[in-house]
Amino acid sequence: MHVALMLDADRMREELPLLNRLVVGLMAEGIRVTRLVPEGPVDEFREQDEARIALTRRIEIPGQSIPWLTRWRAERIAEQLERDPPDCLLLSATDHLPLAARLAARLEIPLAMEVWEARQAMHPPSRRRVDRVSAFIARGGRLAETLRGRVDPGLVACVPLGVAIPAEPAQPLPEDGRTLAVAAVGLGEDVPAYVAMLAGLARFLRESDLAVNVFLELRDRHDREIWREVRRHDLLGAVSTFQHAAAHRTLLTACDLLLVPERSGVLRSILLEVMVRGVPVIAGLDPFQDALIADETALLIEAPEPDGWHAALLRITGDRAAARALGARGRDHVQAHHGSTQQIEQLAGVLRLLRSGGSWRLDDQ
């Protein structure tokens, strides 16, 4: 079997290690993969990951699909694929659906669309375009449930995100530790959520005798507003920032605690990678984050208020044994439900079903 995997720059920047494991895993399952990746310069981080799967075929596609050039561009890509045509097209991108639909129609192959955000599930493609999608691959149970309420349920398969499982967990929050390394990640779109978290964190720092280092993911869109809150609460001495969590996985998985302030509805493998290391998590209540179960795998903040964050931080640091047990339960959950091997086997089954033709329903799988 042969699959074409279409990616955009944002997806590659955010999830390239996961996508590379997926490619290698599918190859191990006997499925050849051709990657359709955006043209243009390659940054150092992406170049290192690209080198790991250099043996797979790679075709460059336009970074932005201009509507009136979609037909022409699909034709050019199809010409490169015709000598060894794929059996199906897997779309893992937010802005390439018109191009992917046109290409799948041109090659007469099924199109599968990956869904990893709540807004994708709540606002699926228009009726004109949804008819061109043969399958929706939801990366979480709540996403699948939402999608099935908006499109034919038989077109929706649930294939949870999968991550590599390390042999040993980290050792966060040692009993005699006088330092605390805290990571805070998010897309930076919900400013009030950050305002509440930073206010609660500032109060905790004023009352604590721990030496606390905070590593804050700060995206472009609202970075100035969030940074102003950091300054307002006099946190400059404790906070370091970075732009993309994906480029700092080693740092984040070595922290003592992970904070996720936003209810973004976006599933990110970095959350699972931190959890599988046994790091405890405090997060805003997000119904689309299947891995975050209140008091079982994480402490959840129901309302974005400083008091809730302050109380959760006191709870984590006040009983370190309980905090480590929380992290261990999170690790067990990820091992049971989000392993790379499970993800690859389930996705390979869906892709083979698509190739088989005939009558089938993905919600029966």
# chains A, B, ... in the order shown; residues from 1 in each chain; ligands from 1
call {"tool": "select_by_dssp", "arguments": {"residues": "region 22-146 of chain A", "states": "helix (DSSP H, G or I)", "output": "MDAnalysis selection string"}}
result
chainID A and resid 22:28 44:52 67:81 97:107 118:122 127:130 141:146
call {"tool": "residues_around", "arguments": {"residues": "region 150-156 of chain A", "least_positions_apart": "6", "cutoff": "12 Å", "atoms": "only C-alpha atoms", "output": "compact mmCIF listing (two decimals) with C-alpha atoms, in the first residue's frame"}}
result
# COMPACT_ATOMS: atom_id res chain seq x y z
CA PRO A 110 -9.87 8.48 -1.24
CA LEU A 111 -9.02 11.49 0.91
CA ALA A 112 -8.66 11.15 4.69
CA MET A 113 -8.55 14.34 6.78
CA GLU A 114 -6.87 14.47 10.19
CA VAL A 115 -8.70 16.48 12.89
CA GLN A 120 -12.06 21.66 12.98
CA ALA A 121 -14.60 19.33 14.56
CA MET A 122 -17.17 22.02 15.28
CA HIS A 123 -16.85 23.60 11.84
CA PRO A 124 -16.13 20.80 9.35
CA PRO A 125 -15.74 21.55 5.64
CA SER A 126 -18.69 22.94 3.73
CA ARG A 127 -21.13 20.52 2.13
CA ARG A 129 -16.08 20.01 0.11
CA VAL A 130 -17.13 17.48 2.74
CA ASP A 131 -18.46 15.28 -0.06
CA ARG A 132 -14.86 14.92 -1.24
CA VAL A 133 -13.61 13.64 2.14
CA SER A 134 -13.75 9.85 2.49
CA ALA A 135 -12.77 9.77 6.16
CA PHE A 136 -12.18 12.06 9.13
CA ILE A 137 -9.48 10.83 11.51
CA ALA A 138 -10.20 12.41 14.88
CA ARG A 139 -7.23 12.55 17.26
CA GLY A 140 -9.36 12.33 20.40
CA GLY A 141 -12.61 10.81 21.64
CA ARG A 142 -14.43 14.09 22.24
CA LEU A 143 -13.34 15.36 18.82
CA ALA A 144 -14.76 12.20 17.23
CA VAL A 350 -8.21 2.81 8.72
CA LEU A 353 -10.06 -0.04 4.96
CA LEU A 354 -10.18 3.05 2.74
CA SER A 359 -19.25 -0.65 1.85
CA TRP A 360 -17.82 0.12 5.31
CA ARG A 361 -18.35 2.33 8.34
CA LEU A 362 -15.45 3.68 10.39
CA ASP A 363 -17.55 4.04 13.53
CA ASP A 364 -17.94 0.24 13.57
CA GLN A 365 -14.19 -0.27 13.80
call {"tool": "closest_atom_pairs", "arguments": {"of": "region 229-275 of chain A", "to": "region 218-222 of chain A", "cutoff": "12 Å", "atoms": "only C-alpha atoms", "output": "JSON lines"}}
result
{"residue": "A:Glu229", "atom": "CA", "partner": "A:His222", "partner_atom": "CA", "distance": 11.2}
{"residue": "A:Val230", "atom": "CA", "partner": "A:Leu218", "partner_atom": "CA", "distance": 11.2}
{"residue": "A:Val239", "atom": "CA", "partner": "A:Leu218", "partner_atom": "CA", "distance": 11.1}
{"residue": "A:Ser240", "atom": "CA", "partner": "A:Leu218", "partner_atom": "CA", "distance": 9.7}
{"residue": "A:Thr241", "atom": "CA", "partner": "A:Leu218", "partner_atom": "CA", "distance": 6.2}
{"residue": "A:Phe242", "atom": "CA", "partner": "A:Leu218", "partner_atom": "CA", "distance": 5.9}
{"residue": "A:Gln243", "atom": "CA", "partner": "A:Leu218", "partner_atom": "CA", "distance": 5.1}
{"residue": "A:His244", "atom": "CA", "partner": "A:Arg219", "partner_atom": "CA", "distance": 7.1}
{"residue": "A:Ala245", "atom": "CA", "partner": "A:Leu218", "partner_atom": "CA", "distance": 9.0}
call {"tool": "residues_around", "arguments": {"residues": "Asp209 (chain A)", "least_positions_apart": "5", "cutoff": "12 Å", "atoms": "only C-alpha atoms", "output": "PDB file with C-alpha atoms, in the first residue's frame"}}
result
ATOM      1  CA  GLY A 177      14.219  19.921  46.609  1.00  0.00           C
ATOM      2  CA  ARG A 178      14.463  23.675  47.163  1.00  0.00           C
ATOM      3  CA  THR A 179      13.973  24.550  43.510  1.00  0.00           C
ATOM      4  CA  LEU A 180      10.937  24.217  41.287  1.00  0.00           C
ATOM      5  CA  PHE A 204       2.389  31.667  45.112  1.00  0.00           C
ATOM      6  CA  THR A 317       4.035  21.671  46.379  1.00  0.00           C
TER       7      THR A 317
END
call {"tool": "atom_distance", "arguments": {"atom1": "CA of Pro280 (chain A)", "atom2": "CA of Glu189 (chain A)"}}
result
23.4 Å
